[in-house]
Amino acid sequence: MSQAAPAIMSVSPTRALVDEAFKVLVENLPSGAFVTLRSLHQSEDKDYWEAYGHYVSDPTGAVSVTDDLSLGGTYQGKEAMGLLWSMRPVPGSRTGLRLRKLNVCSPMLVTISVYSGHVSEDFSQQPPLATVLTERWYMAPGVCRLDIKDRGVRGTLFIPPGPGPFPGMLDMWGGGGGLLEYRSALLASHGYVSLALEYFAPGQLASTDLEAEYFEKAFEMVRQHPAVIPDKVGILGLSLGTTVAMYLASESTVVKQPTCCVCISGSHFYPRGKSLSGVHGDVRKIRMDENQNLIWRDLLEVSSDLSGKMDVRRINCPILLVNGLDDQNQPTVEFAEDIFQMMRSVGKDQLLTRLEYPGTGHLIEPPYSPHFRATNFMWDSKKAKVTLLWGGQTKEHSHAQEDSWRKILAFLQQHLYSRQSPRARM
């Protein structure tokens, strides 16, 4: 494609939080020009991730990713943020990768480039027409990050800028282990003191005695922090983190009641007499798909027997359940229905809000995060790395992440910043 003047590309804003949308505009192209917009990111593990869309410039020689259709690439249609949520490892990369930010004190650097023609491979073989470097941050300016090792509790506390006090959040991830800070950093960027809690190292779940006391200490640590409004403390959990959140809200005698809970892709499955690390299910029911990915969906089953689950009828705070209809890791939608029926039996169903998304898998992350249908996972009981099938279809899953995050923030705003939150009618 020949042109008299160079293409001009802008990304607005070039520096933003990861849950903020941007606008990508290319101008000064010939009318009807075939071009490719591509994003490229190198992860902290030194793996490269990319996404790209094929466009045709309008009569004025412009392409707007927000307004125009992508005709092909890693996403199609009018998708303003497709250059982020459809990212995948470049060809030839290691298998089973998952993109997660480890150092939240630095941004994700994403290079947006425009190329002549509809390109799908060998991007390095031709120079781009224009390039813009963008920064995507989990931690807003002024957010304070503090390492926590106190009374046996390990994690990282994030405090919003300003005088406070603020509502507090206990933030818990799943059975993969390790300390993940990025969601807590993002919560603090939205005005919540958030503790990213670590409760075992990767691959050590079976050897860890996850007693309730540890989580109760962590919750009380948040509640008693001088920057926190003590009667405005919520819990956010994903997968195993949801199980813990359910326990604290329904079974704990120490935690009087969280103000609200957000439970993503989890259950109230809990065999009595076991520690929280004993939530494994029947390993004989593991299946494999055609790509030899392990399917754990049948490990846990909904039961009418209270000895195998938490008595969620005791919950007295608002609960938001967020689940995917294509979750291949747990039957989370079925668990959500059982939770609803149990709470309804005692007149508490008004406390429960359910979000269920078609084509959505287990790993529901903050918006614009790439979708991972299957990734590597350290199976603690086997001491081996396996590939787990999480489920979901990229476009549907990505739209669910965007919608659910918006509704999670609205839920937290309603119950942690408003003067009154609904409680169970006694």
# chains A, B, ... in the order shown; residues from 1 in each chain; ligands from 1

call {"tool": "select_by_dssp", "arguments": {"residues": "stretch 325-394 of chain A", "states": "strand (DSSP E)", "output": "PyMOL selection string"}}
result
chain A and resi 352-357+374-379+384-389

call {"tool": "closest_atom_pairs", "arguments": {"of": "stretch 13-100 of chain A", "to": "stretch 369-379 of chain A", "cutoff": "7 Å", "atoms": "only C-alpha atoms", "output": "CSV"}}
result
residue,atom,partner,partner_atom,distance
A:Leu84,CA,A:Pro370,CA,6.7
A:Trp85,CA,A:Pro370,CA,4.4
A:Ser86,CA,A:Pro370,CA,5.7
A:Met87,CA,A:Pro370,CA,5.5
A:Gly96,CA,A:Thr375,CA,4.0
A:Leu97,CA,A:Thr375,CA,5.7
A:Arg98,CA,A:Thr375,CA,6.2

call {"tool": "closest_residue", "arguments": {"among": "A:Cys260, A:Val312, A:Val65, A:Met246", "to": "A:Gln414", "atoms": "only C-alpha atoms"}}
result
A:Cys260

call {"tool": "closest_residue", "arguments": {"among": "A:Glu290, A:Leu157, A:Pro89, A:Ser116", "to": "A:Pro30", "atoms": "only C-alpha atoms"}}
result
A:Ser116

call {"tool": "closest_residue", "arguments": {"among": "A:Arg151, A:Arg354, A:His190, A:Arg406", "to": "A:Phe215", "atoms": "only C-alpha atoms"}}
result
A:Arg151

call {"tool": "closest_residue", "arguments": {"among": "A:Asn323, A:Ser184, A:Gln330, A:Ser57", "to": "A:Gly155", "atoms": "only C-alpha atoms"}}
result
A:Ser184

call {"tool": "atom_distance", "arguments": {"atom1": "atom CA of A:Tyr270", "atom2": "atom CA of A:Leu179"}}
result
23.4 Å

call {"tool": "residues_around", "arguments": {"residues": "A:Ala130", "least_positions_apart": "4", "cutoff": "12 Å", "atoms": "only C-alpha atoms", "output": "mmCIF file with all heavy atoms, in the first residue's frame"}}
result
data_model
loop_
_atom_site.group_PDB
_atom_site.id
_atom_site.type_symbol
_atom_site.label_atom_id
_atom_site.label_comp_id
_atom_site.auth_asym_id
_atom_site.auth_seq_id
_atom_site.Cartn_x
_atom_site.Cartn_y
_atom_site.Cartn_z
ATOM 1 N N ALA A 5 1.591 10.291 2.714
ATOM 2 C CA ALA A 5 1.996 10.746 4.046
ATOM 3 C C ALA A 5 1.878 9.588 5.021
ATOM 4 O O ALA A 5 1.101 8.655 4.805
ATOM 5 C CB ALA A 5 1.125 11.918 4.481
ATOM 6 N N PRO A 6 2.652 9.610 6.096
ATOM 7 C CA PRO A 6 2.608 8.487 7.038
ATOM 8 C C PRO A 6 1.280 8.413 7.785
ATOM 9 O O PRO A 6 0.610 9.430 8.005
ATOM 10 C CB PRO A 6 3.765 8.798 7.993
ATOM 11 C CG PRO A 6 3.955 10.279 7.898
ATOM 12 C CD PRO A 6 3.640 10.629 6.477
ATOM 13 N N ALA A 7 0.914 7.198 8.141
ATOM 14 C CA ALA A 7 -0.284 6.988 8.954
ATOM 15 C C ALA A 7 -0.071 7.584 10.339
ATOM 16 O O ALA A 7 1.048 7.623 10.861
ATOM 17 C CB ALA A 7 -0.586 5.501 9.071
ATOM 18 N N ILE A 8 -1.148 8.030 10.931
ATOM 19 C CA ILE A 8 -1.116 8.599 12.286
ATOM 20 C C ILE A 8 -2.016 7.757 13.171
ATOM 21 O O ILE A 8 -3.190 7.558 12.859
ATOM 22 C CB ILE A 8 -1.593 10.064 12.284
ATOM 23 C CG1 ILE A 8 -0.713 10.915 11.388
ATOM 24 C CG2 ILE A 8 -1.620 10.619 13.701
ATOM 25 C CD1 ILE A 8 -1.239 12.322 11.168
ATOM 26 N N MET A 9 -1.465 7.242 14.274
ATOM 27 C CA MET A 9 -2.252 6.424 15.193
ATOM 28 C C MET A 9 -2.265 7.054 16.569
ATOM 29 O O MET A 9 -1.241 7.550 17.053
ATOM 30 C CB MET A 9 -1.709 4.998 15.289
ATOM 31 C CG MET A 9 -2.587 4.088 16.157
ATOM 32 S SD MET A 9 -2.195 2.349 16.016
ATOM 33 C CE MET A 9 -0.557 2.303 16.693
ATOM 34 N N SER A 10 -3.422 7.014 17.222
ATOM 35 C CA SER A 10 -3.545 7.497 18.592
ATOM 36 C C SER A 10 -4.277 6.461 19.426
ATOM 37 O O SER A 10 -5.166 5.752 18.931
ATOM 38 C CB SER A 10 -4.306 8.830 18.627
ATOM 39 O OG SER A 10 -5.625 8.673 18.136
ATOM 40 N N VAL A 11 -3.888 6.360 20.687
ATOM 41 C CA VAL A 11 -4.570 5.511 21.671
ATOM 42 C C VAL A 11 -4.917 6.406 22.848
ATOM 43 O O VAL A 11 -4.036 7.053 23.427
ATOM 44 C CB VAL A 11 -3.691 4.332 22.137
ATOM 45 C CG1 VAL A 11 -4.438 3.494 23.165
ATOM 46 C CG2 VAL A 11 -3.258 3.476 20.954
ATOM 47 N N VAL A 24 -8.730 3.344 20.011
ATOM 48 C CA VAL A 24 -7.612 3.262 19.068
ATOM 49 C C VAL A 24 -8.090 3.815 17.735
ATOM 50 O O VAL A 24 -9.092 3.344 17.175
ATOM 51 C CB VAL A 24 -7.119 1.816 18.905
ATOM 52 C CG1 VAL A 24 -5.957 1.753 17.902
ATOM 53 C CG2 VAL A 24 -6.690 1.236 20.251
ATOM 54 N N LEU A 25 -7.390 4.817 17.233
ATOM 55 C CA LEU A 25 -7.773 5.485 15.995
ATOM 56 C C LEU A 25 -6.563 5.598 15.081
ATOM 57 O O LEU A 25 -5.482 6.025 15.511
ATOM 58 C CB LEU A 25 -8.329 6.884 16.303
ATOM 59 C CG LEU A 25 -8.743 7.750 15.111
ATOM 60 C CD1 LEU A 25 -9.927 7.135 14.371
ATOM 61 C CD2 LEU A 25 -9.067 9.168 15.573
ATOM 62 N N VAL A 26 -6.733 5.195 13.832
ATOM 63 C CA VAL A 26 -5.698 5.368 12.806
ATOM 64 C C VAL A 26 -6.235 6.323 11.753
ATOM 65 O O VAL A 26 -7.358 6.151 11.259
ATOM 66 C CB VAL A 26 -5.312 4.022 12.160
ATOM 67 C CG1 VAL A 26 -4.166 4.230 11.159
ATOM 68 C CG2 VAL A 26 -4.913 3.005 13.217
ATOM 69 N N GLU A 27 -5.443 7.326 11.415
ATOM 70 C CA GLU A 27 -5.849 8.317 10.419
ATOM 71 C C GLU A 27 -4.762 8.467 9.359
ATOM 72 O O GLU A 27 -3.677 7.915 9.474
ATOM 73 C CB GLU A 27 -6.104 9.665 11.096
ATOM 74 C CG GLU A 27 -7.231 9.622 12.136
ATOM 75 C CD GLU A 27 -7.369 10.921 12.890
ATOM 76 O OE1 GLU A 27 -6.486 11.208 13.727
ATOM 77 O OE2 GLU A 27 -8.352 11.653 12.628
ATOM 78 N N ASN A 28 -5.102 9.207 8.324
ATOM 79 C CA ASN A 28 -4.166 9.513 7.240
ATOM 80 C C ASN A 28 -3.849 8.302 6.377
ATOM 81 O O ASN A 28 -2.776 8.218 5.760
ATOM 82 C CB ASN A 28 -2.872 10.118 7.793
ATOM 83 C CG ASN A 28 -2.320 11.184 6.871
ATOM 84 O OD1 ASN A 28 -3.074 11.889 6.213
ATOM 85 N ND2 ASN A 28 -0.995 11.301 6.828
ATOM 86 N N LEU A 29 -4.794 7.355 6.315
ATOM 87 C CA LEU A 29 -4.677 6.207 5.422
ATOM 88 C C LEU A 29 -5.378 6.521 4.106
ATOM 89 O O LEU A 29 -6.270 7.389 4.049
ATOM 90 C CB LEU A 29 -5.324 4.973 6.050
ATOM 91 C CG LEU A 29 -4.726 4.404 7.342
ATOM 92 C CD1 LEU A 29 -5.688 3.401 7.969
ATOM 93 C CD2 LEU A 29 -3.378 3.750 7.064
ATOM 94 N N VAL A 35 -5.835 -2.828 6.381
ATOM 95 C CA VAL A 35 -4.798 -2.716 7.407
ATOM 96 C C VAL A 35 -5.077 -3.706 8.538
ATOM 97 O O VAL A 35 -6.198 -4.200 8.702
ATOM 98 C CB VAL A 35 -4.717 -1.285 7.999
ATOM 99 C CG1 VAL A 35 -4.239 -0.303 6.957
ATOM 100 C CG2 VAL A 35 -6.042 -0.876 8.605
ATOM 101 N N THR A 36 -4.040 -3.980 9.322
ATOM 102 C CA THR A 36 -4.138 -4.854 10.486
ATOM 103 C C THR A 36 -3.695 -4.086 11.723
ATOM 104 O O THR A 36 -2.614 -3.485 11.727
ATOM 105 C CB THR A 36 -3.259 -6.109 10.322
ATOM 106 O OG1 THR A 36 -3.705 -6.839 9.174
ATOM 107 C CG2 THR A 36 -3.344 -7.002 11.550
ATOM 108 N N LEU A 37 -4.533 -4.083 12.728
ATOM 109 C CA LEU A 37 -4.176 -3.542 14.045
ATOM 110 C C LEU A 37 -3.719 -4.695 14.917
ATOM 111 O O LEU A 37 -4.409 -5.711 15.027
ATOM 112 C CB LEU A 37 -5.364 -2.844 14.687
ATOM 113 C CG LEU A 37 -5.630 -1.360 14.382
ATOM 114 C CD1 LEU A 37 -4.541 -0.486 14.957
ATOM 115 C CD2 LEU A 37 -5.784 -1.118 12.892
ATOM 116 N N ARG A 38 -2.547 -4.526 15.553
ATOM 117 C CA ARG A 38 -1.994 -5.609 16.369
ATOM 118 C C ARG A 38 -1.545 -5.077 17.723
ATOM 119 O O ARG A 38 -0.983 -3.985 17.828
ATOM 120 C CB ARG A 38 -0.797 -6.241 15.661
ATOM 121 C CG ARG A 38 -0.212 -7.467 16.393
ATOM 122 C CD ARG A 38 1.227 -7.690 16.000
ATOM 123 N NE ARG A 38 1.768 -8.964 16.481
ATOM 124 C CZ ARG A 38 3.067 -9.210 16.637
ATOM 125 N NH1 ARG A 38 3.963 -8.268 16.364
ATOM 126 N NH2 ARG A 38 3.485 -10.388 17.082
ATOM 127 N N THR A 111 2.078 -2.750 23.240
ATOM 128 C CA THR A 111 2.384 -1.995 22.030
ATOM 129 C C THR A 111 1.275 -2.215 21.006
ATOM 130 O O THR A 111 0.966 -3.361 20.663
ATOM 131 C CB THR A 111 3.734 -2.427 21.438
ATOM 132 O OG1 THR A 111 4.772 -2.226 22.412
ATOM 133 C CG2 THR A 111 4.062 -1.628 20.187
ATOM 134 N N ILE A 112 0.669 -1.119 20.541
ATOM 135 C CA ILE A 112 -0.356 -1.188 19.507
ATOM 136 C C ILE A 112 0.257 -0.693 18.200
ATOM 137 O O ILE A 112 0.821 0.416 18.150
ATOM 138 C CB ILE A 112 -1.583 -0.318 19.862
ATOM 139 C CG1 ILE A 112 -2.050 -0.591 21.300
ATOM 140 C CG2 ILE A 112 -2.701 -0.541 18.857
ATOM 141 C CD1 ILE A 112 -2.626 -1.953 21.522
ATOM 142 N N SER A 113 0.154 -1.505 17.153
ATOM 143 C CA SER A 113 0.754 -1.151 15.864
ATOM 144 C C SER A 113 -0.256 -1.365 14.742
ATOM 145 O O SER A 113 -1.181 -2.177 14.855
ATOM 146 C CB SER A 113 1.998 -2.006 15.584
ATOM 147 O OG SER A 113 2.968 -1.858 16.607
ATOM 148 N N VAL A 114 -0.055 -0.631 13.652
ATOM 149 C CA VAL A 114 -0.873 -0.817 12.456
ATOM 150 C C VAL A 114 0.042 -1.233 11.308
ATOM 151 O O VAL A 114 1.136 -0.676 11.121
ATOM 152 C CB VAL A 114 -1.669 0.461 12.110
ATOM 153 C CG1 VAL A 114 -0.765 1.664 11.904
ATOM 154 C CG2 VAL A 114 -2.549 0.235 10.884
ATOM 155 N N TYR A 115 -0.408 -2.261 10.546
ATOM 156 C CA TYR A 115 0.365 -2.812 9.434
ATOM 157 C C TYR A 115 -0.438 -2.707 8.147
ATOM 158 O O TYR A 115 -1.678 -2.753 8.164
ATOM 159 C CB TYR A 115 0.705 -4.286 9.689
ATOM 160 C CG TYR A 115 1.650 -4.523 10.836
ATOM 161 C CD1 TYR A 115 1.188 -4.579 12.141
ATOM 162 C CD2 TYR A 115 3.007 -4.697 10.601
ATOM 163 C CE1 TYR A 115 2.059 -4.798 13.203
ATOM 164 C CE2 TYR A 115 3.889 -4.924 11.652
ATOM 165 C CZ TYR A 115 3.406 -4.973 12.949
ATOM 166 O OH TYR A 115 4.273 -5.195 13.996
ATOM 167 N N SER A 116 0.260 -2.600 7.066
ATOM 168 C CA SER A 116 -0.387 -2.594 5.756
ATOM 169 C C SER A 116 -0.856 -4.001 5.400
ATOM 170 O O SER A 116 -0.130 -4.987 5.588
ATOM 171 C CB SER A 116 0.595 -2.100 4.693
ATOM 172 O OG SER A 116 0.021 -2.176 3.413
ATOM 173 N N GLN A 126 7.699 -7.262 8.384
ATOM 174 C CA GLN A 126 7.436 -5.965 7.769
ATOM 175 C C GLN A 126 7.338 -4.900 8.853
ATOM 176 O O GLN A 126 6.852 -5.174 9.956
ATOM 177 C CB GLN A 126 6.156 -5.998 6.938
ATOM 178 C CG GLN A 126 4.882 -6.224 7.717
ATOM 179 C CD GLN A 126 3.641 -5.947 6.862
ATOM 180 O OE1 GLN A 126 3.412 -4.814 6.446
ATOM 181 N NE2 GLN A 126 2.884 -6.995 6.587
#

call {"tool": "residues_around", "arguments": {"residues": "A:Ile264", "least_positions_apart": "3", "cutoff": "8 Å", "atoms": "only C-alpha atoms", "output": "list in words"}}
result
Leu236, Gly237, Leu238, Ser239, Thr242, Leu321, Val322, Asn323 and Ile364 of chain A

call {"tool": "write_last_selection", "arguments": {"atoms": "N, CA and C atoms", "output": "PDB file, in the first residue's frame"}}
result
ATOM      1  N   LEU A 236     -14.256 -11.115  48.869  1.00  0.00           N
ATOM      2  CA  LEU A 236     -14.316 -11.516  47.471  1.00  0.00           C
ATOM      3  C   LEU A 236     -13.477 -12.768  47.304  1.00  0.00           C
ATOM      4  N   GLY A 237     -14.080 -13.815  46.743  1.00  0.00           N
ATOM      5  CA  GLY A 237     -13.350 -15.059  46.547  1.00  0.00           C
ATOM      6  C   GLY A 237     -13.636 -15.667  45.190  1.00  0.00           C
ATOM      7  N   LEU A 238     -12.643 -16.372  44.656  1.00  0.00           N
ATOM      8  CA  LEU A 238     -12.813 -17.140  43.431  1.00  0.00           C
ATOM      9  C   LEU A 238     -12.445 -18.587  43.710  1.00  0.00           C
ATOM     10  N   SER A 239     -13.287 -19.518  43.254  1.00  0.00           N
ATOM     11  CA  SER A 239     -13.047 -20.949  43.382  1.00  0.00           C
ATOM     12  C   SER A 239     -12.910 -21.336  44.858  1.00  0.00           C
ATOM     13  N   THR A 242     -14.039 -18.753  47.201  1.00  0.00           N
ATOM     14  CA  THR A 242     -15.486 -18.693  47.439  1.00  0.00           C
ATOM     15  C   THR A 242     -15.888 -19.636  48.560  1.00  0.00           C
ATOM     16  N   LEU A 321     -23.366 -14.104  43.589  1.00  0.00           N
ATOM     17  CA  LEU A 321     -22.760 -15.284  42.986  1.00  0.00           C
ATOM     18  C   LEU A 321     -22.536 -15.021  41.500  1.00  0.00           C
ATOM     19  N   VAL A 322     -21.311 -15.229  41.033  1.00  0.00           N
ATOM     20  CA  VAL A 322     -20.947 -14.999  39.630  1.00  0.00           C
ATOM     21  C   VAL A 322     -20.432 -16.308  39.058  1.00  0.00           C
ATOM     22  N   ASN A 323     -21.143 -16.856  38.067  1.00  0.00           N
ATOM     23  CA  ASN A 323     -20.791 -18.168  37.538  1.00  0.00           C
ATOM     24  C   ASN A 323     -20.919 -18.224  36.024  1.00  0.00           C
ATOM     25  N   ILE A 364     -13.087 -16.339  35.870  1.00  0.00           N
ATOM     26  CA  ILE A 364     -13.685 -15.045  35.575  1.00  0.00           C
ATOM     27  C   ILE A 364     -12.833 -13.976  36.245  1.00  0.00           C
TER      28      ILE A 364
END

call {"tool": "closest_residue", "arguments": {"among": "A:Tyr368, A:Ser64, A:Asp47, A:Phe411", "to": "A:Thr394", "atoms": "only C-alpha atoms"}}
result
A:Tyr368

call {"tool": "closest_residue", "arguments": {"among": "A:Pro271, A:Gly361, A:Gly77, A:Gly391", "to": "A:Gly53", "atoms": "only C-alpha atoms"}}
result
A:Gly77

call {"tool": "select_by_dssp", "arguments": {"residues": "stretch 118-313 of chain A", "states": "helix (DSSP H, G or I)", "output": "ChimeraX atom specification"}}
result
/A:123-125,182-189,212-224,240-250,276-278,283-285,306-308,312-313

call {"tool": "atom_distance", "arguments": {"atom1": "atom CA of A:Lys309", "atom2": "atom CA of A:Cys263"}}
result
15.7 Å
